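J.: Compact mmCIF, C-alpha atoms, saved as my_file-v4.txt, coming up:
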```txt
# COMPACT_ATOMS: atom_id res chain seq x y z
CA MET A 1 -14.88 -35.46 23.87
CA ARG A 2 -15.64 -32.63 26.25
CA PRO A 3 -12.51 -30.69 25.36
CA LEU A 4 -13.49 -30.75 21.69
CA TRP A 5 -16.93 -29.35 22.44
CA LEU A 6 -15.31 -26.69 24.57
CA ALA A 7 -13.01 -25.72 21.70
CA VAL A 8 -15.87 -25.54 19.23
CA LEU A 9 -17.97 -23.39 21.57
CA LEU A 10 -15.03 -21.10 22.28
CA LEU A 11 -14.27 -20.49 18.63
CA ALA A 12 -17.94 -20.01 17.79
CA ALA A 13 -18.32 -17.42 20.54
CA VAL A 14 -15.30 -15.47 19.36
CA ALA A 15 -16.35 -15.71 15.72
CA CYS A 16 -19.76 -14.29 16.57
CA SER A 17 -18.21 -11.43 18.51
CA GLN A 18 -15.98 -10.52 15.57
CA ASP A 19 -18.77 -9.32 13.31
CA ALA A 20 -17.81 -5.89 12.06
CA PRO A 21 -20.38 -3.28 12.89
CA SER A 22 -22.33 -2.15 9.90
CA VAL A 23 -21.70 1.46 9.06
CA THR A 24 -23.91 3.44 6.82
CA LYS A 25 -22.28 6.44 5.29
CA LEU A 26 -24.70 9.11 4.37
CA ALA A 27 -24.09 11.56 1.63
CA GLU A 28 -21.94 14.43 2.81
CA PRO A 29 -24.07 16.92 4.73
CA GLU A 30 -23.22 19.74 2.37
CA GLN A 31 -24.49 17.66 -0.53
CA VAL A 32 -27.97 17.17 0.85
CA ILE A 33 -30.54 19.91 0.53
CA ASP A 34 -31.11 21.24 4.02
CA GLU A 35 -32.93 24.02 5.83
CA ARG A 36 -30.10 26.50 5.34
CA LEU A 37 -30.20 26.17 1.59
CA MET A 38 -33.96 26.40 1.46
CA ILE A 39 -33.94 29.51 3.65
CA CYS A 40 -31.26 31.05 1.45
CA LEU A 41 -33.26 30.39 -1.70
CA ASN A 42 -36.49 31.56 -0.11
CA ARG A 43 -35.01 34.85 1.04
CA ALA A 44 -33.45 35.51 -2.36
CA LYS A 45 -36.74 34.67 -4.03
CA ASN A 46 -38.64 37.07 -1.82
CA HIS A 47 -36.18 39.91 -2.51
CA HIS A 48 -36.64 39.33 -6.22
CA HIS A 49 -40.42 39.40 -5.87
CA ILE A 50 -40.27 42.65 -3.95
CA ALA A 51 -38.02 44.04 -6.66
CA ASP A 52 -40.60 42.88 -9.22
CA VAL A 53 -43.21 44.93 -7.45
CA TYR A 54 -40.99 47.99 -7.37
CA VAL A 55 -40.14 47.59 -11.03
CA SER A 56 -43.81 47.30 -11.91
CA ASP A 57 -44.36 50.52 -9.98
CA GLY A 58 -41.48 52.18 -11.81
CA ASN A 59 -39.43 52.47 -8.64
CA VAL A 60 -36.11 51.32 -10.02
CA ASP A 61 -33.98 52.59 -7.15
CA LYS A 62 -35.90 50.53 -4.62
CA ALA A 63 -35.78 47.58 -6.98
CA ILE A 64 -32.01 47.94 -7.20
CA ALA A 65 -31.74 48.14 -3.43
CA GLU A 66 -33.85 45.01 -3.08
CA VAL A 67 -31.82 43.05 -5.59
CA ARG A 68 -28.63 44.11 -3.82
CA LYS A 69 -29.98 42.42 -0.74
CA VAL A 70 -29.88 39.12 -2.58
CA LEU A 71 -26.08 39.46 -2.67
CA THR A 72 -25.98 39.58 1.12
CA VAL A 73 -28.17 36.56 1.81
CA ALA A 74 -26.29 33.93 3.79
CA CYS A 75 -26.16 30.62 1.97
CA PRO A 76 -24.41 27.31 2.68
CA ALA A 77 -20.79 27.55 1.58
CA GLY A 78 -20.16 25.68 -1.61
CA ALA A 79 -23.80 25.10 -2.48
CA PRO A 80 -23.98 25.24 -6.29
CA GLU A 81 -27.44 26.80 -6.18
CA ALA A 82 -26.10 29.65 -4.04
CA GLN A 83 -23.54 30.58 -6.69
CA ASP A 84 -26.16 30.34 -9.43
CA VAL A 85 -28.52 32.63 -7.52
CA GLN A 86 -25.77 35.15 -6.83
CA LEU A 87 -24.71 35.32 -10.48
CA ASP A 88 -28.30 35.67 -11.60
CA ALA A 89 -28.93 38.45 -9.09
CA ARG A 90 -25.84 40.27 -10.37
CA ALA A 91 -27.09 39.97 -13.94
CA ARG A 92 -30.43 41.47 -12.95
CA LEU A 93 -28.80 44.15 -10.84
CA ALA A 94 -26.44 45.12 -13.65
CA LYS A 95 -29.32 45.39 -16.07
CA LEU A 96 -31.22 47.60 -13.65
CA LEU A 97 -28.17 49.78 -13.10
CA LEU A 98 -27.50 49.95 -16.82
CA GLY A 99 -31.11 50.96 -17.49
CA ARG A 100 -30.69 53.79 -15.08
CA GLY A 101 -27.45 54.91 -16.73
CA GLY A 102 -25.08 53.40 -14.23
CA ALA A 103 -22.84 51.47 -16.65
CA ASP A 104 -19.78 51.77 -14.46
CA ASP A 105 -21.61 50.43 -11.43
CA ALA A 106 -23.05 47.70 -13.60
CA LEU A 107 -19.61 46.73 -14.84
CA GLN A 108 -18.32 46.49 -11.29
CA VAL A 109 -21.24 44.28 -10.26
CA VAL A 110 -20.67 42.03 -13.25
CA ASP A 111 -16.91 41.74 -12.88
CA GLU A 112 -17.15 40.93 -9.18
CA GLY A 113 -19.51 38.12 -10.05
CA ILE A 114 -17.27 36.77 -12.80
CA ALA A 115 -14.26 36.88 -10.52
CA ALA A 116 -16.08 34.97 -7.78
CA ALA A 117 -17.41 32.23 -10.06
CA THR A 118 -15.79 28.84 -9.49
CA ARG A 119 -17.30 26.96 -12.42
CA ASP A 120 -18.90 27.52 -15.77
CA SER A 121 -22.67 27.69 -15.81
CA PHE A 122 -25.54 29.11 -17.84
CA PHE A 123 -25.74 31.82 -15.17
CA LEU A 124 -22.10 32.77 -15.72
CA ALA A 125 -22.68 32.81 -19.49
CA ASN A 126 -25.66 35.09 -18.90
CA LEU A 127 -23.48 37.39 -16.84
CA TYR A 128 -20.97 37.58 -19.70
CA THR A 129 -23.85 38.50 -21.99
CA VAL A 130 -24.79 41.36 -19.66
CA ARG A 131 -21.13 42.37 -19.54
CA GLY A 132 -21.19 42.63 -23.32
CA GLU A 133 -24.19 44.93 -23.12
CA VAL A 134 -22.47 47.04 -20.49
CA MET A 135 -19.34 47.25 -22.64
CA GLU A 136 -21.44 48.30 -25.60
CA ALA A 137 -22.99 51.01 -23.49
CA LEU A 138 -19.55 52.13 -22.47
CA GLY A 139 -18.44 52.18 -26.09
CA ARG A 140 -15.89 49.41 -25.54
CA LYS A 141 -16.99 47.36 -28.50
CA HIS A 142 -13.99 45.07 -28.66
CA GLU A 143 -14.49 44.01 -25.05
CA ALA A 144 -18.21 43.67 -25.70
CA ILE A 145 -17.48 41.18 -28.46
CA GLU A 146 -15.09 39.29 -26.23
CA ALA A 147 -17.74 39.05 -23.54
CA TYR A 148 -20.39 37.80 -25.98
CA GLU A 149 -17.95 35.25 -27.38
CA ARG A 150 -17.07 34.04 -23.92
CA SER A 151 -20.77 33.69 -23.17
CA ASN A 152 -21.23 31.59 -26.29
CA GLU A 153 -18.27 29.38 -25.41
CA ILE A 154 -19.67 28.59 -22.00
CA ASN A 155 -23.15 27.97 -23.33
CA LEU A 156 -21.94 25.65 -26.08
CA ALA A 157 -19.71 23.68 -23.75
CA LEU A 158 -22.49 23.22 -21.23
CA GLN A 159 -25.03 22.31 -23.85
CA ARG A 160 -22.72 19.64 -25.23
CA GLU A 161 -22.20 18.32 -21.73
CA LEU A 162 -25.81 18.34 -20.63
CA TYR A 163 -27.50 17.51 -23.93
CA PRO A 164 -25.04 15.36 -25.91
CA MET B 1 -9.93 -63.19 30.71
CA THR B 2 -9.91 -66.76 31.89
CA ARG B 3 -10.60 -69.73 29.71
CA ASP B 4 -12.28 -72.86 30.89
CA ASP B 5 -10.72 -76.09 29.85
CA ASP B 6 -13.60 -77.20 27.71
CA ASP B 7 -14.74 -73.71 26.83
CA LEU B 8 -13.48 -73.20 23.33
CA GLU B 9 -11.15 -74.85 20.98
CA LEU B 10 -8.03 -72.98 19.95
CA THR B 11 -8.37 -70.87 16.87
CA PRO B 12 -5.74 -71.19 14.16
CA GLU B 13 -4.34 -67.84 15.19
CA GLU B 14 -4.12 -68.88 18.82
CA ARG B 15 -2.58 -72.11 17.75
CA ALA B 16 0.05 -70.26 15.70
CA ARG B 17 0.82 -67.93 18.60
CA ALA B 18 1.14 -70.85 20.98
CA GLN B 19 3.45 -72.57 18.53
CA ALA B 20 5.60 -69.41 18.23
CA PHE B 21 5.70 -69.05 21.99
CA GLY B 22 6.67 -72.71 22.43
CA GLU B 23 9.46 -72.30 19.92
CA LEU B 24 10.70 -69.29 21.91
CA VAL B 25 10.69 -71.44 25.05
CA ASP B 26 12.57 -74.19 23.25
CA ASP B 27 15.08 -71.62 22.00
CA MET B 28 15.61 -70.42 25.54
CA LEU B 29 16.21 -74.01 26.69
CA ARG B 30 18.80 -74.41 23.94
CA GLY B 31 20.68 -71.49 25.43
CA ARG B 32 19.55 -68.67 23.23
CA SER B 33 18.58 -65.38 24.71
CA ALA B 34 15.12 -63.79 24.48
CA PRO B 35 14.44 -61.45 21.55
CA PRO B 36 15.67 -57.97 22.46
CA ALA B 37 12.43 -56.19 21.48
CA LEU B 38 10.28 -58.30 23.78
CA PRO B 39 8.24 -56.23 26.29
CA ALA B 40 8.85 -56.78 29.98
CA GLU B 41 5.59 -58.62 30.60
CA GLU B 42 6.16 -60.93 27.66
CA ARG B 43 9.74 -61.49 28.74
CA ALA B 44 8.70 -62.44 32.29
CA LEU B 45 6.15 -64.86 30.90
CA LEU B 46 8.74 -66.42 28.62
CA GLU B 47 11.22 -66.88 31.47
CA MET B 48 8.56 -68.43 33.67
CA ALA B 49 7.50 -70.81 30.88
CA THR B 50 11.15 -71.74 30.31
CA VAL B 51 11.60 -72.58 33.99
CA VAL B 52 8.43 -74.68 34.00
CA ARG B 53 9.50 -76.49 30.87
CA ALA B 54 13.00 -77.09 32.27
CA THR B 55 11.66 -78.56 35.52
CA GLU B 56 9.22 -80.95 33.85
CA GLY B 57 9.62 -84.40 35.33
CA LYS B 58 11.61 -83.02 38.27
CA GLY B 59 8.72 -82.97 40.73
CA PHE B 60 7.82 -79.35 40.08
CA HIS B 61 4.13 -78.57 39.43
CA LEU B 62 2.37 -75.26 38.96
CA PRO B 63 -1.11 -74.85 40.36
CA ASP B 64 -3.76 -75.26 37.66
CA SER B 65 -5.00 -71.69 38.02
CA ARG B 66 -1.48 -70.31 37.59
CA ARG B 67 -0.91 -72.51 34.57
CA ASP B 68 -4.19 -71.38 32.93
CA ALA B 69 -3.34 -67.74 33.56
CA MET B 70 0.01 -68.18 31.91
CA ILE B 71 -1.53 -69.89 28.92
CA ASP B 72 -4.21 -67.20 28.55
CA SER B 73 -1.60 -64.52 28.80
CA ALA B 74 0.49 -66.18 26.14
CA LEU B 75 -2.47 -66.62 23.82
CA ARG B 76 -3.93 -63.13 24.32
CA PRO B 77 -3.73 -61.31 20.97
CA GLU B 78 -1.87 -58.05 21.10
CA PRO B 79 -2.83 -55.27 18.73
CA ALA B 80 0.62 -54.44 17.48
CA GLN B 81 3.03 -57.26 17.00
CA THR B 82 6.08 -57.27 14.88
CA ALA B 83 6.70 -60.01 12.42
CA GLY B 84 9.05 -61.66 14.87
CA GLY B 85 6.39 -61.76 17.58
CA ALA B 86 7.72 -58.84 19.52
CA VAL B 87 5.01 -56.46 20.71
CA SER B 88 5.67 -52.85 19.86
CA SER B 89 4.84 -49.91 22.03
CA LEU B 90 2.91 -48.27 19.19
CA HIS B 91 -0.38 -49.10 20.87
CA ASP B 92 0.64 -47.31 24.05
CA ARG B 93 1.76 -44.29 22.12
CA ARG B 94 -1.52 -44.20 20.24
CA SER B 95 -3.42 -44.37 23.50
CA LYS B 96 -1.47 -41.48 24.92
CA LEU B 97 -2.02 -39.49 21.76
CA ALA B 98 -5.74 -40.22 21.81
CA ARG B 99 -5.92 -38.99 25.39
CA ARG B 100 -3.94 -35.83 24.77
CA LEU B 101 -5.26 -34.83 21.34
CA PRO B 102 -8.55 -33.23 22.49
CA TRP B 103 -6.72 -31.13 25.06
CA ALA B 104 -4.11 -30.09 22.53
CA LEU B 105 -6.85 -29.04 20.14
CA THR B 106 -8.54 -27.12 22.94
CA ALA B 107 -5.31 -25.33 23.76
CA ILE B 108 -4.87 -24.36 20.09
CA ALA B 109 -8.47 -23.19 19.89
CA ALA B 110 -8.06 -21.16 23.06
CA ALA B 111 -4.93 -19.52 21.67
CA ALA B 112 -6.74 -18.75 18.43
CA ALA B 113 -9.67 -17.34 20.38
CA VAL B 114 -7.38 -15.06 22.37
CA ILE B 115 -5.72 -13.82 19.18
CA LEU B 116 -9.09 -13.21 17.54
CA ALA B 117 -10.43 -11.46 20.63
CA LEU B 118 -7.43 -9.17 20.95
CA ARG B 119 -7.21 -8.39 17.25
CA PRO B 120 -8.80 -5.05 16.39
CA PRO B 121 -11.98 -5.54 14.40
CA PRO B 122 -11.61 -4.92 10.69
CA ALA B 123 -12.51 -1.45 9.59
CA PRO B 124 -16.08 -1.57 8.42
CA GLU B 125 -16.57 -0.71 4.84
CA PRO B 126 -18.75 2.29 4.55
CA GLN B 127 -21.85 1.80 2.56
CA VAL B 128 -23.02 4.85 0.75
CA ALA B 129 -26.64 5.40 1.42
CA ARG B 130 -28.70 5.95 -1.63
CA VAL B 131 -29.91 9.51 -1.59
CA PRO B 132 -32.05 10.39 -4.57
CA ALA B 133 -30.50 12.97 -6.87
CA ARG B 134 -33.39 15.32 -6.34
CA ALA B 135 -32.45 15.54 -2.65
CA LEU B 136 -28.91 16.69 -3.37
CA SER B 137 -27.66 20.23 -3.71
CA ARG B 138 -26.45 20.64 -7.29
CA PRO B 139 -26.04 23.14 -10.11
CA ALA B 140 -29.28 24.50 -11.52
CA ASP B 141 -28.10 24.45 -15.12
CA PRO B 142 -30.11 21.39 -16.22
CA LEU B 143 -33.23 22.90 -14.71
CA VAL B 144 -32.84 26.38 -16.17
CA GLY B 145 -31.11 25.69 -19.47
CA ARG B 146 -29.48 28.27 -21.67
CA ILE B 147 -30.58 31.80 -20.81
CA ALA B 148 -31.62 33.83 -23.79
CA PRO B 149 -30.34 37.45 -23.88
CA ALA B 150 -33.91 38.68 -23.76
CA ASP B 151 -34.37 36.85 -20.47
CA ALA B 152 -31.10 38.03 -18.94
CA ASP B 153 -32.86 39.95 -16.15
CA ARG B 154 -35.55 37.40 -15.39
CA ALA B 155 -33.74 36.06 -12.35
CA SER B 156 -36.95 36.15 -10.34
CA ALA B 157 -38.70 33.62 -12.57
CA ARG B 158 -35.66 31.35 -12.67
CA LEU B 159 -35.29 31.43 -8.93
CA ASP B 160 -38.95 30.45 -8.55
CA ALA B 161 -38.26 27.36 -10.62
CA ILE B 162 -35.11 26.52 -8.68
CA TYR B 163 -36.83 26.97 -5.35
CA ALA B 164 -39.77 24.78 -6.30
CA ASP B 165 -37.47 22.04 -7.54
CA ARG B 166 -35.28 22.07 -4.46
CA MET B 167 -38.28 22.11 -2.19
CA THR B 168 -39.35 18.82 -3.74
CA GLY B 169 -35.96 17.34 -2.92
CA TYR B 170 -35.98 18.82 0.56
CA ARG B 171 -39.38 17.33 1.29
CA SER B 172 -38.23 13.92 0.11
CA VAL B 173 -35.41 14.11 2.64
CA ARG B 174 -37.50 15.41 5.51
CA LEU B 175 -40.71 13.53 4.94
CA GLY B 176 -40.03 10.73 2.50
CA GLY B 177 -37.22 8.98 4.37
CA ALA B 178 -34.77 9.41 1.50
CA GLN B 179 -31.91 8.67 3.87
```
Hey, can you dump this file as structure tokens for me?

T.:
Amino acid sequence: MRPLWLAVLLLAAVACSQDAPSVTKLAEPEQVIDERLMICLNRAKNHHHIADVYVSDGNVDKAIAEVRKVLTVACPAGAPEAQDVQLDARARLAKLLLGRGGADDALQVVDEGIAAATRDSFFLANLYTVRGEVMEALGRKHEAIEAYERSNEINLALQRELYP
Amino acid sequence: MTRDDDDLELTPEERARAQAFGELVDDMLRGRSAPPALPAEERALLEMATVVRATEGKGFHLPDSRRDAMIDSALRPEPAQTAGGAVSSLHDRRSKLARRLPWALTAIAAAAAVILALRPPPAPEPQVARVPARALSRPADPLVGRIAPADADRASARLDAIYADRMTGYRSVRLGGAQ
């Protein structure tokens, strides 16, 4: 019977050694909130707060310069929050420029943001709203209406999606 | 196995075998040949018994011990006998098989073990770790909601809300062991 025991032991040893290693796949690194994203958001937040102070002091030029800095903050590529923050900063910057009489500059800031957007969002809809205001200021009423309508389309679609 | 004269009485089976063997001896004396399927040992015993039977009354006597051995050998039950009394070699083949079977199984097991050992391990199926949604980078739309035109330039307040929310998720990753 010794050979049979030998066979059983041999097969058992091999079977034990064949256990597949357990692999745990984490969420993709770019999907998890990390230091880079938090630093990006923190820097943008601080620029906005500085701009708030300048605005409260009536120093619009410095506020504009501070908000422009938000557009240069390095953020993780593809982070949805980064795009949201950029669009929102452009909306604020355009409003500041428009308030100072810089409709053309405002339009450029807005259109660059719209062109760079990769998805619909409330922030993009807000930017279209600002574009409508800029177009009104420029006397381009037809384009202003188009921008407002586009803003409404995005908002309605998102609201249906998020709050069915 | 040696039987004493007064040891045991013959069993019916032994008696039947002795009768069959005696008939074989008688057949041989009548000039018939031994059954073709008879094993060599059985055949030698039959020939010897035929000679003894033929020389009865001619002054030929076997020693008692030799006679008893012949009788015991003739009466010894064999495990595989054909209906005609011929012993088959099935028993021998079974014995050989019984001896070789464990080693054959071991050889098969060894071959299987080698195949299993050389085979690349199956690709492990990745298991997606459960990361709470709050720890993931994601659009801020659900947090902020629709932006009213009057609030179009209130990016600072919205960013405060986004930052606070993401900080909660970041802390759960760094401190809460979300991974």

J.: Report, in Å to a single decimal, how far apart CA of Leu97 (chain A) and CA of Ser156 (chain B) are.

T.: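 Between CA of Ser156 (chain B) and CA of Leu97 (chain A) the gap is 16.4 Å.
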
J.: Contacts of region 123-132 of chain A at 7 Å or less, counting only C-alpha atoms, minus same-chain residues fewer than 6 places along, as an MDAnalysis selection string?

T.: (chainID A and resid 84 87:88 91 107 110 114 144:145 147:148 150:151 154:155) or (chainID B and resid 147 149 152)

J.: Give me, please, the distance in Å between CA of Gly139 (chain A) and CA of Val109 (chain A), quoted to one decimal.

T.: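 Between these atoms lies a distance of 17.9 Å.
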
J.: Can you work out which residues from chain B touch chain A at a cut-off of 6 Å (counting only C-alpha atoms) and hand them back as a PDB file with C-alpha atoms, keeping the file's coordinate frame?

T.:
```pdb
ATOM      1  CA  PRO B 102      -8.550 -33.230  22.490  1.00  0.00           C
ATOM      2  CA  TRP B 103      -6.720 -31.130  25.060  1.00  0.00           C
ATOM      3  CA  THR B 106      -8.540 -27.120  22.940  1.00  0.00           C
ATOM      4  CA  ALA B 109      -8.470 -23.190  19.890  1.00  0.00           C
ATOM      5  CA  ALA B 113      -9.670 -17.340  20.380  1.00  0.00           C
ATOM      6  CA  PRO B 124     -16.080  -1.570   8.420  1.00  0.00           C
ATOM      7  CA  PRO B 126     -18.750   2.290   4.550  1.00  0.00           C
ATOM      8  CA  GLN B 127     -21.850   1.800   2.560  1.00  0.00           C
ATOM      9  CA  VAL B 128     -23.020   4.850   0.750  1.00  0.00           C
ATOM     10  CA  ALA B 129     -26.640   5.400   1.420  1.00  0.00           C
ATOM     11  CA  ALA B 135     -32.450  15.540  -2.650  1.00  0.00           C
ATOM     12  CA  LEU B 136     -28.910  16.690  -3.370  1.00  0.00           C
ATOM     13  CA  SER B 137     -27.660  20.230  -3.710  1.00  0.00           C
ATOM     14  CA  ARG B 138     -26.450  20.640  -7.290  1.00  0.00           C
ATOM     15  CA  PRO B 139     -26.040  23.140 -10.110  1.00  0.00           C
ATOM     16  CA  ASP B 141     -28.100  24.450 -15.120  1.00  0.00           C
ATOM     17  CA  ARG B 146     -29.480  28.270 -21.670  1.00  0.00           C
ATOM     18  CA  ASP B 153     -32.860  39.950 -16.150  1.00  0.00           C
ATOM     19  CA  ALA B 155     -33.740  36.060 -12.350  1.00  0.00           C
ATOM     20  CA  SER B 156     -36.950  36.150 -10.340  1.00  0.00           C
ATOM     21  CA  TYR B 170     -35.980  18.820   0.560  1.00  0.00           C
TER      22      TYR B 170
END
```

J.: Leaving out region 11-28 of chain B and any residue of its chain fewer than 2 positions from it, which residues lie within 6 Å of it when counting all atoms listed in the file, given as a ChimeraX atom specification?

T.: /B:30-33,50,75

J.: State, in Å with one decimal place, the distance from CA of Leu29 (chain B) to CA of Ala49 (chain B).

T.: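 These atoms are spaced 10.2 Å apart.
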
J.: Box for region 122-137 of chain A: with edges along x, y and z, all listed atoms inside and 5 Å added on each side, what are the centre and edge lengths in Å to one decimal, as AutoDock Vina command-line options?

T.:
```
--center_x -22.5 --center_y 40.1 --center_z -20.4 --size_x 16.4 --size_y 31.9 --size_z 20.4
```

J.: Do you know which residues are at most 9 Å from Ile162 (chain B) counting all atoms listed in the file, after dropping those on the same chain fewer than 3 positions away, and could you put them as a list in words?

T.: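 Contacts, in chain order: Leu41 and Glu81 of chain A; Ala140, Leu143, Val144, Ala157, Arg158, Leu159, Asp165, Arg166 and Met167 of chain B.
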
J.: Smallest atom-to-atom distance to Ala106 (chain A): which of A:Arg160, A:Arg36, A:Arg68, A:Lys62, using all atoms listed in the file?

T.: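 That would be A:Arg68, the residue with the smallest distance to Ala106 (chain A).
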